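> Pasting in a structure now, in structure tokens, and then I'll have a few things to ask.
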Amino acid sequence: MKVIGLLSGTSVDGIDAALVNITGCGLETQVNLLCFETYPFPEGIKERILELSSPEAGRVDQICHLNFYLGELFAQAALRIMERGGYRPEEIDLIGSHGQTIHHLPEPRYEPALPPQTGFLTVKSTLQIGEPSIIAERTGCTVVADFRPRDIAAGGEGAPLAPYAHYLLFRDKVKARVVNNIGGISNVTFIPAHAEPNQLIAFDTGPGNLIIDGLTNQLTQGKLSFDLDGQMAAGGQVHPDLLKWLMAHPYLKKSPPKTTGREEFGGEFLQRLLKKANEAGISPQDLLATATAFTAESIADSYRRFLLADRRQSLTEEGSLELILCGGGAKNKTLITMLQKAFRSESISIKTVEDYGYSSDALEAILFALLARATFLGIPSNVPPATGARYPVILGKILPGRNWKSLGYVS
Ligand SMILES: Nc1ncnc2c1ncn2[C@@H]1O[C@H](COP(=O)(O)OP(=O)(O)O)[C@@H](O)[C@H]1O
Ligand SMILES: [Mg+2]
């Protein structure tokens with residue numbers, strides 16, 4: 001199947017579009033990346049998306065409008081990646097679109113049941129926008145979108161969804177592996193050697209680039225949106241007291257399954273951090289170095305707490321653990337040096353997905369192509385131990401395209 005995967009992540013740095021050819025099933029699945037691009041958003045759109053993501057500033061009329069506008073942008077990204085690969089829409093079987101998360105509330109809230117029933121209903125929620133009907137209309141292709149809600153309906157947190165792809169692409173018969181995607185948020189999937197899907201452990205470790213990006217933007221008065229190669233952080237000193245304060249964040253101690261986002265580590269958290277740094281007279285470079293150390297230390301801490309603690313024995317039996325990095329944060333050299341230092345005493349070898357023949361930038365978009373195909377074929381693709389769902393479910397909503405009949409569905 002020729003499938004396109006589309007997403008914009010927590011970093012809101014643009015729309016990732018991957019066009020892949022997928023063959024085989026289960027652990028025999030083969031993914032061949034035909035082309036990949038990140039299409040940056042038009043000027044000012046990132047700011048508008050961030051504004052909508054905030055409970056104080058997000059206006060419902062703007063959310064309504066931006067849902068459809070982002071749908072147009074995602075559709076353009078799909079058409080561009082087809083053109084780039086030299087394919088016509090008729091040659092594309094499916095498009096999988098994650099959309100743009102503007103809010104994620106995985107903590108249960110309790111609401112009254114419909115009268116006359118007494119008692120409470122448990123409600124968790126998530127909201128991705130980028131209307132898939134627009135993508136289906138503009139491209140004519142069948143679209144699978146909105147993957148997270150079904151997992152929530154099955155009792156999960158709707159995230160992380162990456163373990164499905166990490167398992168298919170990186171599970172090994174003899175080696176234990178951890179795939180760590182450092183996007184805006186950092187998420188890990190631990191895959192024991194010879195693992196069955198129910199043996200995976202996956203969760204968000206905490207911030208990836210989110211705080212680093214936010215600080216860079218503030219400290220450069222909006223001139224830079226991220227710390228290129230970690231250069232600014234490299235010129236600073238980590239401030240031990242501030243790092244200690246950051247490491248005391250309650251999210252880090254929470255046991256998996258757990259996921260997080262801008263709600264916990266976004267704008268509000270950034271303002272508190274800036275205030276603290278200001279009071280302590282910490283220089284911008286030292287602050288960035290400390291924020292980068294927070295990402296590295298929180299990743300290392302979560303491995304020690306949740307991955308290595310009970311498994312050290314089995315890991316040594318299996319040999320060392322392979323840590324496979326992906327996402328934009330894998331390009332931050334200062335962050336990688338700090339990670340290497342944090343793991344010095346563990347038998348962990350640090351690699352990138354490039355070492356396995358995959359593109360680090362494209363991996364998340366490839367995930368949504370794989371998820372779309374799984375849905376289309378009727379294969380459940382959430383990983384219950386990762387999301388906390390009670391059982392496996394087929395994710396997403398299908399929007400039939402003009403190719404619906406050629407896919408085997410006769411009206
Ligand atoms: N060369 C680089 N040096 C440092 N950081 C980088 C570099 N390239 C990308 N990044 C970081 O990666 C982020 C984008 O990562 P990505 O994996 O797309 O995250 P998301 O899935 O949240 O969109 C950027 O915002 C930036 O922080
Ligand atoms: Mg991105």
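Each chain in the structure tokens gets a letter, A, B and so on, in the order shown; residues start at 1 in every chain, and ligands are counted from 1 in the order they appear.
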May I have the residues within 10 Å of A:Arg48 as a list in words, using only C-alpha atoms and disregarding those fewer than 5 positions away in the same chain?

Glu43, Ser53, Ala57, Gly58, Gln62, Ile63 and Leu66 of chain A

> Would you mind listing the residues within 12 Å of ligand 2, counting only C-alpha atoms and all ligand atoms, as number ranges by chain?

A: 6-17, 37-41, 46, 98-101, 181-185, 208-210, 226, 326-329, 360-365

> Hey, which of A:Leu27, A:Leu34, A:Ala248, A:Ala162 ends up closest to ligand 1? Count only C-alpha atoms and all ligand atoms.

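Of all the options, A:Ala162 lies closest to ligand 1.
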
> Which residue out of A:Leu288, A:Val3, A:Val188, A:Met82 has the minimum interatomic distance to A:Thr220 when only C-alpha atoms are used?

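For A:Thr220, the nearest of the given residues is A:Leu288.
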
> Could you pull the residues within 8 Å of A:Phe190, counting only C-alpha atoms, minus those fewer than 2 positions along the same chain, as a list in words?

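That gives Ala176, Arg177, Val178, Val179, Val188, Pro192, Leu200, Ile201, Ala202 and Leu307 of chain A.
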
> Could the residues in this selection be written to a file with N, CA and C atoms, as a PDB file, in the first residue's frame?


ATOM      1  N   ALA A 176      17.546  -6.102  23.878  1.00  0.00           N
ATOM      2  CA  ALA A 176      16.536  -5.230  24.471  1.00  0.00           C
ATOM      3  C   ALA A 176      16.801  -3.821  23.957  1.00  0.00           C
ATOM      4  N   ARG A 177      15.748  -3.126  23.583  1.00  0.00           N
ATOM      5  CA  ARG A 177      15.917  -1.793  23.012  1.00  0.00           C
ATOM      6  C   ARG A 177      14.960  -0.783  23.638  1.00  0.00           C
ATOM      7  N   VAL A 178      15.422   0.455  23.680  1.00  0.00           N
ATOM      8  CA  VAL A 178      14.538   1.552  24.057  1.00  0.00           C
ATOM      9  C   VAL A 178      14.535   2.530  22.902  1.00  0.00           C
ATOM     10  N   VAL A 179      13.371   2.859  22.383  1.00  0.00           N
ATOM     11  CA  VAL A 179      13.290   3.905  21.366  1.00  0.00           C
ATOM     12  C   VAL A 179      12.826   5.171  22.080  1.00  0.00           C
ATOM     13  N   VAL A 188       9.193   7.349  25.389  1.00  0.00           N
ATOM     14  CA  VAL A 188      10.031   6.156  25.231  1.00  0.00           C
ATOM     15  C   VAL A 188       9.187   4.906  25.063  1.00  0.00           C
ATOM     16  N   PRO A 192      11.613  -5.307  25.308  1.00  0.00           N
ATOM     17  CA  PRO A 192      12.516  -6.388  25.727  1.00  0.00           C
ATOM     18  C   PRO A 192      12.861  -7.287  24.536  1.00  0.00           C
ATOM     19  N   LEU A 200       5.613  -4.540  26.334  1.00  0.00           N
ATOM     20  CA  LEU A 200       6.220  -3.231  26.122  1.00  0.00           C
ATOM     21  C   LEU A 200       5.932  -2.310  27.305  1.00  0.00           C
ATOM     22  N   ILE A 201       6.888  -1.415  27.564  1.00  0.00           N
ATOM     23  CA  ILE A 201       6.638  -0.345  28.536  1.00  0.00           C
ATOM     24  C   ILE A 201       6.852   0.953  27.771  1.00  0.00           C
ATOM     25  N   ALA A 202       5.864   1.823  27.789  1.00  0.00           N
ATOM     26  CA  ALA A 202       6.027   3.081  27.053  1.00  0.00           C
ATOM     27  C   ALA A 202       5.325   4.202  27.794  1.00  0.00           C
ATOM     28  N   LEU A 307      12.474   1.585  33.995  1.00  0.00           N
ATOM     29  CA  LEU A 307      12.913   0.600  33.011  1.00  0.00           C
ATOM     30  C   LEU A 307      14.017  -0.291  33.539  1.00  0.00           C
TER      31      LEU A 307
END

> Please identify all polymer residues within 12 Å of A:Ile212, counting only C-alpha atoms, omitting same-chain residues fewer than 4 positions from it, and present them as JSON, numbers by chain.

{"A": [11, 182, 183, 184, 185, 207, 208, 216, 217, 218, 219, 224, 225, 226, 227, 228, 229, 230, 231, 232, 233, 265, 266, 267, 270, 273, 274, 284, 285, 286, 287, 288, 289, 290, 291, 292, 293, 294, 295, 296, 328, 329, 332, 334, 335]}

> Next, write the just-selected residues to a file, as a PDB file, in the first residue's frame, keeping C-alpha atoms as the atom set.


ATOM      1  CA  SER A  11       6.752  21.583  18.945  1.00  0.00           C
ATOM      2  CA  ILE A 182      12.683  13.587  21.702  1.00  0.00           C
ATOM      3  CA  GLY A 183      10.048  15.875  20.221  1.00  0.00           C
ATOM      4  CA  GLY A 184       8.423  18.696  22.169  1.00  0.00           C
ATOM      5  CA  ILE A 185       7.729  15.973  24.739  1.00  0.00           C
ATOM      6  CA  PRO A 207       9.766  17.574  28.412  1.00  0.00           C
ATOM      7  CA  GLY A 208      11.833  17.023  25.287  1.00  0.00           C
ATOM      8  CA  THR A 216      15.289  30.197  23.357  1.00  0.00           C
ATOM      9  CA  ASN A 217      12.340  32.080  21.946  1.00  0.00           C
ATOM     10  CA  GLN A 218      11.982  34.302  25.032  1.00  0.00           C
ATOM     11  CA  LEU A 219      15.691  34.918  25.536  1.00  0.00           C
ATOM     12  CA  LEU A 224      15.185  32.017  17.317  1.00  0.00           C
ATOM     13  CA  SER A 225      12.651  29.249  17.846  1.00  0.00           C
ATOM     14  CA  PHE A 226      15.132  26.604  19.029  1.00  0.00           C
ATOM     15  CA  ASP A 227      18.723  26.247  20.219  1.00  0.00           C
ATOM     16  CA  LEU A 228      20.452  25.123  17.013  1.00  0.00           C
ATOM     17  CA  ASP A 229      22.645  22.076  17.752  1.00  0.00           C
ATOM     18  CA  GLY A 230      22.489  23.080  21.438  1.00  0.00           C
ATOM     19  CA  GLN A 231      25.020  25.889  20.874  1.00  0.00           C
ATOM     20  CA  MET A 232      23.608  28.352  23.392  1.00  0.00           C
ATOM     21  CA  ALA A 233      23.327  25.694  26.100  1.00  0.00           C
ATOM     22  CA  PHE A 265       5.350  21.902  30.666  1.00  0.00           C
ATOM     23  CA  GLY A 266       4.108  24.706  28.378  1.00  0.00           C
ATOM     24  CA  GLY A 267       3.772  28.476  28.716  1.00  0.00           C
ATOM     25  CA  LEU A 270       7.951  28.511  31.421  1.00  0.00           C
ATOM     26  CA  LEU A 273      10.846  28.987  35.506  1.00  0.00           C
ATOM     27  CA  LEU A 274      11.802  32.410  34.102  1.00  0.00           C
ATOM     28  CA  PRO A 284      20.293  33.230  29.756  1.00  0.00           C
ATOM     29  CA  GLN A 285      22.987  30.752  28.684  1.00  0.00           C
ATOM     30  CA  ASP A 286      23.110  29.123  32.119  1.00  0.00           C
ATOM     31  CA  LEU A 287      19.337  28.905  32.103  1.00  0.00           C
ATOM     32  CA  LEU A 288      19.355  27.129  28.732  1.00  0.00           C
ATOM     33  CA  ALA A 289      22.109  24.778  29.892  1.00  0.00           C
ATOM     34  CA  THR A 290      19.998  23.976  32.977  1.00  0.00           C
ATOM     35  CA  ALA A 291      16.834  23.413  30.943  1.00  0.00           C
ATOM     36  CA  THR A 292      18.769  21.110  28.590  1.00  0.00           C
ATOM     37  CA  ALA A 293      20.143  19.236  31.611  1.00  0.00           C
ATOM     38  CA  PHE A 294      16.559  18.907  32.899  1.00  0.00           C
ATOM     39  CA  THR A 295      15.522  17.122  29.694  1.00  0.00           C
ATOM     40  CA  ALA A 296      18.582  14.816  29.870  1.00  0.00           C
ATOM     41  CA  GLY A 328      14.375  16.792  16.588  1.00  0.00           C
ATOM     42  CA  GLY A 329      16.061  16.648  20.013  1.00  0.00           C
ATOM     43  CA  ASN A 332      20.818  18.858  19.953  1.00  0.00           C
ATOM     44  CA  THR A 334      24.570  19.436  24.076  1.00  0.00           C
ATOM     45  CA  LEU A 335      21.552  17.343  25.043  1.00  0.00           C
TER      46      LEU A 335
END
